[in-house]
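One structure is given below, encoded as structure tokens.
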Amino acid sequence: MTIYFIFELANTFTHERFSHMNDEIEITVGELARRLGVAPATLRTWARRYGLGPSGHEVGAHRKYDRVDVARISVMRRLVISGVSPKEAALIAIDADVSEAENLPTIKFEERAEIVEVILKALESLDISFVNEIIRREILANGVIPTWVEILTPTFMKVGDHWARTGLGITNEHLLTEIVIKILREVSAEIENPVNAKPIVLAAIGEESHSLALHALLAALAERNIQAHFFGARTPVDSLVEVVRKVAPPVVFVWAQLPQNADYSIAAALPAVRPSPRLLLGGPGWEAGRCADATLVGGLSEACEIIGSTLGVDL
């Protein structure tokens with residue numbers, strides 16, 4: 001694993017999780033272990049081997065960590081999760097200026113697969129803040145589509161494969177899903193002055209409960225300043241028909257993750273409005289041979305391209 005460190009971006013973990021602490025705060029080994037998701041024995045080892053222990057420890061008294069101690073331990077743990085050896089991580093943590101959050105070391109990766117592995121490790125240790133930080137930073141730097149294709153999709157696949165093999169880790173999938181949805185919705189909310197006069201419509205019909213890909217599409221469109229009405233999971237066909245009748249959207253995108261939720265009657269059910277909306281179907285639930293009256297979309301990037309061309313927008 002090839003990882004190197006920069007100091008140009010803020011590491012928000014310590015600032016977010018411990019911003020309520022002042023310089024006088026003191027917490028025990030057990031409390032810090034619970035907050036960071038590590039064993040108390042690990043903290044004692046780091047203190048003994050690398051000098052990353054309570055700076056104000058008095059002989060005969062309980063070991064207490066102050067704000068600076070907590071910040072250094074947080075840096076240490078973040079680096080270890082990211083694949084840095086404990087010895088090297090300790091040297092970096094000790095030298096880091098933890099007086100200001102923006103001075104903390106930030107991790108960059110040369111390979112996208114490294115990011116996936118780090119997210120998986122952070123999920124195992126319930127380091128929600130770190131997972132948030134990595135995903136937000138990738139979207140900010142590279143956009144929704146590359147982050148979705150190169151990082152998020154492989155991560156979800158690995159989590160799913162692990163659950164299928166072992167029956168364990170389903171909580172990681174739920175946790176990652178909630179984190180990703182929150183971030184994508186925040187991206188979607190940033191749209192201003194949309195290029196389309198009428199919003200397009202995104203929905204998962206029937207009993208389809210999987211709508212994460214729709215969240216990704218909504219955010220990717222928002223990056224392109226394209227507005228959409230998001231109806232999410234389990235949208236009845238009748239409700240979708242009523243929406244089309246009221247809004248007359250230029251595009252209707254319907255998602256089906258599972259074959260049993262691919263309702264092919266949607267093409268005939270859409271009302272005759274002018275101009276007629278373009279029907280796009282996405283997801284592995286649809287069969288290409290049965291989509292003659294609609295356009296079957298192969299992926300997130302293609303969906304954005306087709307929607308952009310339908311709207312006459314140069315993406």
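Every chain in the structure tokens takes a letter, A first, then B, and so on in the order presented; its residues are numbered from 1, and the ligands are numbered from 1 following the presented order.
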
Find the residues near Val149 of chain A: any atom within 12 Å, counting only C-alpha atoms, skip ones fewer than 5 places away on the same chain, and give them as a compact mmCIF listing (two decimals) with N, CA and C atoms, in the first residue's frame.
```txt
# COMPACT_ATOMS: atom_id res chain seq x y z
N ARG A 112 -6.76 3.82 -6.12
CA ARG A 112 -8.14 3.89 -5.66
C ARG A 112 -8.49 2.70 -4.77
N ALA A 113 -7.88 1.54 -5.07
CA ALA A 113 -8.15 0.35 -4.25
C ALA A 113 -7.73 0.56 -2.80
N VAL A 116 -10.57 2.13 -0.89
CA VAL A 116 -11.60 1.14 -0.57
C VAL A 116 -11.22 0.36 0.69
N GLU A 138 -13.16 12.93 -1.62
CA GLU A 138 -13.08 12.38 -2.97
C GLU A 138 -14.10 13.04 -3.90
N ILE A 139 -15.31 13.25 -3.41
CA ILE A 139 -16.33 13.90 -4.23
C ILE A 139 -15.92 15.33 -4.55
N ASN A 142 -12.86 14.96 -7.08
CA ASN A 142 -13.02 14.24 -8.35
C ASN A 142 -14.44 14.18 -8.88
N GLY A 143 -15.43 14.54 -8.07
CA GLY A 143 -16.81 14.50 -8.53
C GLY A 143 -17.54 13.24 -8.11
N VAL A 144 -18.86 13.27 -8.29
CA VAL A 144 -19.71 12.17 -7.84
C VAL A 144 -19.46 10.90 -8.64
N PRO A 154 -17.15 -0.41 -5.59
CA PRO A 154 -16.30 -1.52 -5.13
C PRO A 154 -16.38 -1.77 -3.63
N THR A 155 -16.56 -0.69 -2.85
CA THR A 155 -16.66 -0.87 -1.40
C THR A 155 -17.92 -1.63 -1.04
N PHE A 156 -19.05 -1.22 -1.63
CA PHE A 156 -20.30 -1.93 -1.36
C PHE A 156 -20.21 -3.39 -1.82
N MET A 157 -19.54 -3.65 -2.92
CA MET A 157 -19.40 -5.02 -3.41
C MET A 157 -18.60 -5.86 -2.43
N ALA A 213 -28.60 4.07 -5.83
CA ALA A 213 -28.12 4.53 -7.14
C ALA A 213 -28.86 5.79 -7.59
N ALA A 216 -27.23 8.69 -6.03
CA ALA A 216 -26.00 9.02 -6.76
C ALA A 216 -26.32 9.79 -8.03
N LEU A 217 -27.35 9.37 -8.75
CA LEU A 217 -27.74 10.07 -9.97
C LEU A 217 -28.22 11.48 -9.66
N ALA A 220 -25.13 13.53 -8.99
CA ALA A 220 -24.36 13.74 -10.21
C ALA A 220 -25.03 14.77 -11.11
N GLY A 299 -25.31 2.80 -17.01
CA GLY A 299 -24.56 3.23 -15.83
C GLY A 299 -24.81 4.69 -15.51
N LEU A 300 -24.18 5.15 -14.44
CA LEU A 300 -24.39 6.50 -13.96
C LEU A 300 -23.92 7.55 -14.97
N SER A 301 -22.75 7.34 -15.54
CA SER A 301 -22.22 8.29 -16.50
C SER A 301 -23.10 8.37 -17.74
```

**Study point:** Which residue of A:Cys304, A:Ile170, A:Ile266, A:Leu175 approaches Ala228 of chain A most closely, using only C-alpha atoms
**Key:** A:Cys304

Exercise for review: For atom CA of Ala248 of chain A and atom CA of Gln260 of chain A, determine how far apart the two atoms are, in Å to one decimal place.
Suggested key: 27.5 Å

Review point. Excluding same-chain residues fewer than 3 positions from Leu240 of chain A, what lies within 12 Å of it counting only C-alpha atoms, as a PyMOL selection string?
Key: chain A and resi 200-206+229-237+243-249+252-254+266-267+269-271+279

So that I have them on file, write out the residues from the current selection with C-alpha atoms, as a PDB file, in the first residue's frame.
```
ATOM      1  CA  ILE A 200     -36.766  15.509 -14.388  1.00  0.00           C
ATOM      2  CA  VAL A 201     -38.260  12.693 -12.293  1.00  0.00           C
ATOM      3  CA  LEU A 202     -36.334   9.918 -10.526  1.00  0.00           C
ATOM      4  CA  ALA A 203     -38.118   6.962  -8.951  1.00  0.00           C
ATOM      5  CA  ALA A 204     -37.829   3.298  -8.001  1.00  0.00           C
ATOM      6  CA  ILE A 205     -41.185   1.707  -8.739  1.00  0.00           C
ATOM      7  CA  GLY A 206     -43.175  -1.168  -7.342  1.00  0.00           C
ATOM      8  CA  HIS A 229     -37.681  15.519  -8.340  1.00  0.00           C
ATOM      9  CA  PHE A 230     -36.599  12.529  -6.270  1.00  0.00           C
ATOM     10  CA  PHE A 231     -39.289  10.036  -5.249  1.00  0.00           C
ATOM     11  CA  GLY A 232     -37.022   7.235  -4.114  1.00  0.00           C
ATOM     12  CA  ALA A 233     -38.039   3.715  -3.181  1.00  0.00           C
ATOM     13  CA  ARG A 234     -41.418   2.025  -3.640  1.00  0.00           C
ATOM     14  CA  THR A 235     -43.014   4.672  -5.825  1.00  0.00           C
ATOM     15  CA  PRO A 236     -46.357   3.297  -7.123  1.00  0.00           C
ATOM     16  CA  VAL A 237     -46.836   3.471 -10.879  1.00  0.00           C
ATOM     17  CA  VAL A 243     -46.603  13.304 -11.226  1.00  0.00           C
ATOM     18  CA  VAL A 244     -45.945  13.183 -14.972  1.00  0.00           C
ATOM     19  CA  ARG A 245     -49.412  14.531 -15.655  1.00  0.00           C
ATOM     20  CA  LYS A 246     -48.844  17.476 -13.313  1.00  0.00           C
ATOM     21  CA  VAL A 247     -45.227  18.295 -14.066  1.00  0.00           C
ATOM     22  CA  ALA A 248     -44.697  17.126 -17.672  1.00  0.00           C
ATOM     23  CA  PRO A 249     -41.018  16.387 -16.997  1.00  0.00           C
ATOM     24  CA  VAL A 252     -38.487  10.106 -16.324  1.00  0.00           C
ATOM     25  CA  PHE A 253     -35.841   7.791 -14.896  1.00  0.00           C
ATOM     26  CA  VAL A 254     -37.095   4.554 -13.312  1.00  0.00           C
ATOM     27  CA  ILE A 266     -44.743   1.934 -17.048  1.00  0.00           C
ATOM     28  CA  ALA A 267     -44.090   2.847 -20.704  1.00  0.00           C
ATOM     29  CA  ALA A 269     -48.992   3.933 -18.393  1.00  0.00           C
ATOM     30  CA  LEU A 270     -47.310   7.320 -18.782  1.00  0.00           C
ATOM     31  CA  PRO A 271     -49.867   9.962 -19.766  1.00  0.00           C
ATOM     32  CA  LEU A 279     -38.397   7.257 -20.377  1.00  0.00           C
TER      33      LEU A 279
END
```

Point to revise | Which of segment 106-286 of chain A fall in helix (DSSP H, G or I), as a VMD selection string | key: chain A and resid 112 to 124 128 to 142 144 to 166 170 to 188 212 to 223 237 to 247 259 to 261 266 to 269

I need the chosen residues saved as an mmCIF file, in the first residue's frame, with C-alpha atoms.
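What landed in selection_21.cif:
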```
data_model
loop_
_atom_site.group_PDB
_atom_site.id
_atom_site.type_symbol
_atom_site.label_atom_id
_atom_site.label_comp_id
_atom_site.auth_asym_id
_atom_site.auth_seq_id
_atom_site.Cartn_x
_atom_site.Cartn_y
_atom_site.Cartn_z
ATOM 1 C CA ARG A 112 -8.144 3.894 -5.661
ATOM 2 C CA ALA A 113 -8.153 0.353 -4.252
ATOM 3 C CA GLU A 114 -6.267 1.672 -1.220
ATOM 4 C CA ILE A 115 -9.140 4.026 -0.441
ATOM 5 C CA VAL A 116 -11.602 1.136 -0.571
ATOM 6 C CA GLU A 117 -9.541 -0.859 1.907
ATOM 7 C CA VAL A 118 -9.212 2.078 4.274
ATOM 8 C CA ILE A 119 -12.974 2.680 4.214
ATOM 9 C CA LEU A 120 -13.568 -0.991 5.016
ATOM 10 C CA LYS A 121 -11.175 -0.830 7.985
ATOM 11 C CA ALA A 122 -12.782 2.375 9.235
ATOM 12 C CA LEU A 123 -16.226 0.784 9.003
ATOM 13 C CA GLU A 124 -15.043 -2.193 11.043
ATOM 14 C CA ILE A 128 -17.862 7.208 10.959
ATOM 15 C CA SER A 129 -16.084 10.540 10.931
ATOM 16 C CA PHE A 130 -13.170 9.129 8.936
ATOM 17 C CA VAL A 131 -15.449 7.458 6.379
ATOM 18 C CA ASN A 132 -17.316 10.742 5.979
ATOM 19 C CA GLU A 133 -14.079 12.630 5.534
ATOM 20 C CA ILE A 134 -12.704 10.301 2.866
ATOM 21 C CA ILE A 135 -15.895 10.222 0.781
ATOM 22 C CA ARG A 136 -16.505 13.968 1.007
ATOM 23 C CA ARG A 137 -12.928 14.700 0.040
ATOM 24 C CA GLU A 138 -13.081 12.375 -2.972
ATOM 25 C CA ILE A 139 -16.333 13.900 -4.227
ATOM 26 C CA LEU A 140 -14.942 17.398 -3.774
ATOM 27 C CA ALA A 141 -11.733 16.542 -5.608
ATOM 28 C CA ASN A 142 -13.018 14.239 -8.346
ATOM 29 C CA VAL A 144 -19.708 12.171 -7.836
ATOM 30 C CA ILE A 145 -19.363 9.796 -10.796
ATOM 31 C CA PRO A 146 -15.655 8.868 -10.360
ATOM 32 C CA THR A 147 -16.183 8.482 -6.611
ATOM 33 C CA TRP A 148 -19.245 6.303 -7.162
ATOM 34 C CA VAL A 149 -17.655 4.101 -9.837
ATOM 35 C CA GLU A 150 -14.108 3.802 -8.502
ATOM 36 C CA ILE A 151 -14.650 3.851 -4.725
ATOM 37 C CA LEU A 152 -18.213 3.467 -3.499
ATOM 38 C CA THR A 153 -19.379 0.670 -5.804
ATOM 39 C CA PRO A 154 -16.296 -1.521 -5.135
ATOM 40 C CA THR A 155 -16.660 -0.867 -1.404
ATOM 41 C CA PHE A 156 -20.297 -1.928 -1.364
ATOM 42 C CA MET A 157 -19.403 -5.022 -3.405
ATOM 43 C CA LYS A 158 -16.717 -6.047 -0.920
ATOM 44 C CA VAL A 159 -19.054 -5.492 2.021
ATOM 45 C CA GLY A 160 -21.748 -7.544 0.280
ATOM 46 C CA ASP A 161 -19.336 -10.342 -0.647
ATOM 47 C CA HIS A 162 -18.101 -10.552 2.932
ATOM 48 C CA TRP A 163 -21.662 -10.814 4.227
ATOM 49 C CA ALA A 164 -22.532 -13.485 1.640
ATOM 50 C CA ARG A 165 -19.498 -15.574 2.611
ATOM 51 C CA THR A 166 -19.624 -15.210 6.370
ATOM 52 C CA ILE A 170 -24.458 -6.424 7.332
ATOM 53 C CA THR A 171 -24.255 -3.582 9.848
ATOM 54 C CA ASN A 172 -21.335 -2.171 7.855
ATOM 55 C CA GLU A 173 -23.502 -2.096 4.737
ATOM 56 C CA HIS A 174 -26.285 -0.257 6.546
ATOM 57 C CA LEU A 175 -23.825 2.169 8.090
ATOM 58 C CA LEU A 176 -22.087 2.894 4.790
ATOM 59 C CA THR A 177 -25.435 3.331 3.045
ATOM 60 C CA GLU A 178 -26.581 5.932 5.562
ATOM 61 C CA ILE A 179 -23.285 7.805 5.336
ATOM 62 C CA VAL A 180 -23.325 7.850 1.534
ATOM 63 C CA ILE A 181 -26.974 8.916 1.290
ATOM 64 C CA LYS A 182 -26.392 11.802 3.679
ATOM 65 C CA ILE A 183 -23.394 13.042 1.711
ATOM 66 C CA LEU A 184 -25.110 12.668 -1.662
ATOM 67 C CA ARG A 185 -28.193 14.520 -0.466
ATOM 68 C CA GLU A 186 -26.008 17.376 0.724
ATOM 69 C CA VAL A 187 -24.422 17.547 -2.724
ATOM 70 C CA SER A 188 -27.871 17.509 -4.327
ATOM 71 C CA LEU A 212 -28.997 4.301 -3.441
ATOM 72 C CA ALA A 213 -28.117 4.530 -7.136
ATOM 73 C CA LEU A 214 -30.879 7.117 -7.534
ATOM 74 C CA HIS A 215 -29.257 9.210 -4.819
ATOM 75 C CA ALA A 216 -26.002 9.020 -6.756
ATOM 76 C CA LEU A 217 -27.741 10.070 -9.974
ATOM 77 C CA LEU A 218 -29.490 12.944 -8.205
ATOM 78 C CA ALA A 219 -26.142 14.225 -6.885
ATOM 79 C CA ALA A 220 -24.357 13.741 -10.214
ATOM 80 C CA LEU A 221 -27.088 15.735 -11.965
ATOM 81 C CA ALA A 222 -26.875 18.457 -9.320
ATOM 82 C CA GLU A 223 -23.167 18.796 -10.070
ATOM 83 C CA VAL A 237 -46.836 3.471 -10.879
ATOM 84 C CA ASP A 238 -50.117 5.353 -10.361
ATOM 85 C CA SER A 239 -48.310 7.997 -8.338
ATOM 86 C CA LEU A 240 -45.626 8.343 -10.973
ATOM 87 C CA VAL A 241 -48.287 8.738 -13.659
ATOM 88 C CA GLU A 242 -49.924 11.514 -11.643
ATOM 89 C CA VAL A 243 -46.603 13.304 -11.226
ATOM 90 C CA VAL A 244 -45.945 13.183 -14.972
ATOM 91 C CA ARG A 245 -49.412 14.531 -15.655
ATOM 92 C CA LYS A 246 -48.844 17.476 -13.313
ATOM 93 C CA VAL A 247 -45.227 18.295 -14.066
ATOM 94 C CA PRO A 259 -36.243 -8.331 -11.726
ATOM 95 C CA GLN A 260 -39.492 -8.744 -9.795
ATOM 96 C CA ASN A 261 -39.734 -4.969 -9.480
ATOM 97 C CA ILE A 266 -44.743 1.934 -17.048
ATOM 98 C CA ALA A 267 -44.090 2.847 -20.704
ATOM 99 C CA ALA A 268 -47.741 2.448 -21.665
ATOM 100 C CA ALA A 269 -48.992 3.933 -18.393
#
```

Point to revise | Selection near segment 32-37 of chain A, 9 Å with only C-alpha atoms, sequence-local residues under 2 positions removed, as a PyMOL selection string | key: chain A and resi 17+27-30+39-43+65+70+73-74+77+125-127

Pull N, CA and C atoms from the residues just selected and write them as a PDB file, in the first residue's frame.
```
ATOM      1  N   ARG A  17     -14.904  15.487  16.542  1.00  0.00           N
ATOM      2  CA  ARG A  17     -15.256  14.601  17.652  1.00  0.00           C
ATOM      3  C   ARG A  17     -14.900  15.186  19.007  1.00  0.00           C
ATOM      4  N   ILE A  27      -9.698  12.637  30.375  1.00  0.00           N
ATOM      5  CA  ILE A  27     -10.515  11.432  30.266  1.00  0.00           C
ATOM      6  C   ILE A  27      -9.636  10.212  30.502  1.00  0.00           C
ATOM      7  N   THR A  28     -10.253   9.133  30.913  1.00  0.00           N
ATOM      8  CA  THR A  28      -9.520   7.919  31.262  1.00  0.00           C
ATOM      9  C   THR A  28      -9.206   7.097  30.025  1.00  0.00           C
ATOM     10  N   VAL A  29      -8.346   6.103  30.223  1.00  0.00           N
ATOM     11  CA  VAL A  29      -8.009   5.164  29.151  1.00  0.00           C
ATOM     12  C   VAL A  29      -9.263   4.489  28.626  1.00  0.00           C
ATOM     13  N   GLY A  30     -10.122   4.028  29.530  1.00  0.00           N
ATOM     14  CA  GLY A  30     -11.330   3.327  29.110  1.00  0.00           C
ATOM     15  C   GLY A  30     -12.264   4.190  28.299  1.00  0.00           C
ATOM     16  N   ALA A  39      -8.931  -1.016  21.761  1.00  0.00           N
ATOM     17  CA  ALA A  39      -8.841  -1.665  23.073  1.00  0.00           C
ATOM     18  C   ALA A  39      -7.998  -0.825  24.019  1.00  0.00           C
ATOM     19  N   PRO A  40      -8.359  -0.764  25.295  1.00  0.00           N
ATOM     20  CA  PRO A  40      -7.520  -0.058  26.269  1.00  0.00           C
ATOM     21  C   PRO A  40      -6.083  -0.561  26.269  1.00  0.00           C
ATOM     22  N   ALA A  41      -5.911  -1.877  26.029  1.00  0.00           N
ATOM     23  CA  ALA A  41      -4.559  -2.438  25.989  1.00  0.00           C
ATOM     24  C   ALA A  41      -3.740  -1.833  24.855  1.00  0.00           C
ATOM     25  N   THR A  42      -4.407  -1.513  23.742  1.00  0.00           N
ATOM     26  CA  THR A  42      -3.707  -0.881  22.615  1.00  0.00           C
ATOM     27  C   THR A  42      -3.203   0.497  23.000  1.00  0.00           C
ATOM     28  N   LEU A  43      -4.027   1.265  23.689  1.00  0.00           N
ATOM     29  CA  LEU A  43      -3.607   2.595  24.125  1.00  0.00           C
ATOM     30  C   LEU A  43      -2.426   2.500  25.084  1.00  0.00           C
ATOM     31  N   TYR A  65      -6.076  11.496  29.901  1.00  0.00           N
ATOM     32  CA  TYR A  65      -5.637  12.129  28.658  1.00  0.00           C
ATOM     33  C   TYR A  65      -6.255  13.520  28.557  1.00  0.00           C
ATOM     34  N   VAL A  70      -5.444  13.482  23.379  1.00  0.00           N
ATOM     35  CA  VAL A  70      -6.521  12.885  22.578  1.00  0.00           C
ATOM     36  C   VAL A  70      -6.303  13.158  21.095  1.00  0.00           C
ATOM     37  N   ILE A  73      -3.466  10.913  19.804  1.00  0.00           N
ATOM     38  CA  ILE A  73      -3.916   9.526  19.696  1.00  0.00           C
ATOM     39  C   ILE A  73      -4.863   9.374  18.501  1.00  0.00           C
ATOM     40  N   SER A  74      -5.692  10.379  18.263  1.00  0.00           N
ATOM     41  CA  SER A  74      -6.612  10.326  17.126  1.00  0.00           C
ATOM     42  C   SER A  74      -5.844  10.278  15.805  1.00  0.00           C
ATOM     43  N   ARG A  77      -4.256   6.788  15.473  1.00  0.00           N
ATOM     44  CA  ARG A  77      -5.211   5.743  15.095  1.00  0.00           C
ATOM     45  C   ARG A  77      -5.620   5.875  13.628  1.00  0.00           C
ATOM     46  N   SER A 125     -14.151  -0.478  12.501  1.00  0.00           N
ATOM     47  CA  SER A 125     -13.909   0.149  13.797  1.00  0.00           C
ATOM     48  C   SER A 125     -14.917   1.252  14.100  1.00  0.00           C
ATOM     49  N   LEU A 126     -15.941   1.359  13.245  1.00  0.00           N
ATOM     50  CA  LEU A 126     -17.023   2.341  13.435  1.00  0.00           C
ATOM     51  C   LEU A 126     -16.501   3.783  13.471  1.00  0.00           C
ATOM     52  N   ASP A 127     -15.476   4.043  12.675  1.00  0.00           N
ATOM     53  CA  ASP A 127     -14.943   5.398  12.584  1.00  0.00           C
ATOM     54  C   ASP A 127     -15.740   6.155  11.524  1.00  0.00           C
TER      55      ASP A 127
END
```

Compile the contact shell of Leu79 of chain A as a short mmCIF file (atom, residue, chain, number, x, y, z; two decimals) with N, CA and C atoms, in the first residue's frame: residues with an atom at most 9 Å away, counting only C-alpha atoms, same-chain residues fewer than 5 positions apart removed.
```cif
data_model
loop_
_atom_site.label_atom_id
_atom_site.label_comp_id
_atom_site.auth_asym_id
_atom_site.auth_seq_id
_atom_site.Cartn_x
_atom_site.Cartn_y
_atom_site.Cartn_z
N SER A 74 -5.69 10.38 18.26
CA SER A 74 -6.61 10.33 17.13
C SER A 74 -5.84 10.28 15.81
N VAL A 84 -0.51 2.67 7.75
CA VAL A 84 0.81 3.08 8.20
C VAL A 84 1.23 2.22 9.37
N SER A 85 2.52 1.85 9.44
CA SER A 85 2.98 1.05 10.58
C SER A 85 2.84 1.86 11.86
N PRO A 86 2.56 1.19 12.98
CA PRO A 86 2.41 1.93 14.24
C PRO A 86 3.62 2.79 14.58
N GLU A 88 5.81 4.27 12.50
CA GLU A 88 5.82 5.47 11.66
C GLU A 88 4.66 6.39 12.03
N ALA A 89 3.49 5.81 12.30
CA ALA A 89 2.34 6.62 12.67
C ALA A 89 2.60 7.39 13.95
N ALA A 90 3.27 6.76 14.90
CA ALA A 90 3.57 7.43 16.17
C ALA A 90 4.51 8.61 15.95
N ILE A 92 4.77 10.45 13.28
CA ILE A 92 4.01 11.52 12.63
C ILE A 92 3.09 12.20 13.65
N ALA A 93 2.43 11.40 14.49
CA ALA A 93 1.49 11.95 15.47
C ALA A 93 2.21 12.82 16.49
N ILE A 107 -4.23 12.28 4.71
CA ILE A 107 -3.72 11.15 3.95
C ILE A 107 -4.18 11.24 2.49
#
```

Applying 8 Å and only C-alpha atoms, which residues near Pro284 of chain A remain after dropping the ones on its own chain fewer than 6 positions away? List them as a tab-separated table (two decimals) with N, CA and C atoms, in the first residue's frame.
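Output file selection-v9.tsv is given in full below:
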```
chain	number	residue	atom	x	y	z
A	256	ALA	N	-34.85	-0.18	-11.19
A	256	ALA	CA	-35.26	-1.49	-10.69
A	256	ALA	C	-34.00	-2.31	-10.42
A	257	GLN	N	-33.75	-2.56	-9.16
A	257	GLN	CA	-32.59	-3.36	-8.77
A	257	GLN	C	-32.86	-4.84	-8.98
A	258	LEU	N	-34.09	-5.27	-8.68
A	258	LEU	CA	-34.46	-6.68	-8.76
A	258	LEU	C	-35.45	-6.92	-9.90
A	259	PRO	N	-35.35	-8.05	-10.59
A	259	PRO	CA	-36.24	-8.33	-11.73
A	259	PRO	C	-37.72	-8.29	-11.37
```

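Residues with any atom within 8 Å of segment 310-313 of chain A, counting only C-alpha atoms and excluding same-chain neighbours fewer than 2 positions away, are Val195, Asn196, Pro250, Val251, Arg278, Ile306, Ile307, Gly308 and Leu315 of chain A.
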
Practice item. Figure out the distance between atom CA of Phe109 of chain A and atom CA of Arg67 of chain A, please, to one decimal in Å. Key: 28.5 Å

**Study point:** Atom pair atom CA of Ala189 of chain A / atom CA of Gly298 of chain A: separation (Å)
**Key:** 25.5 Å
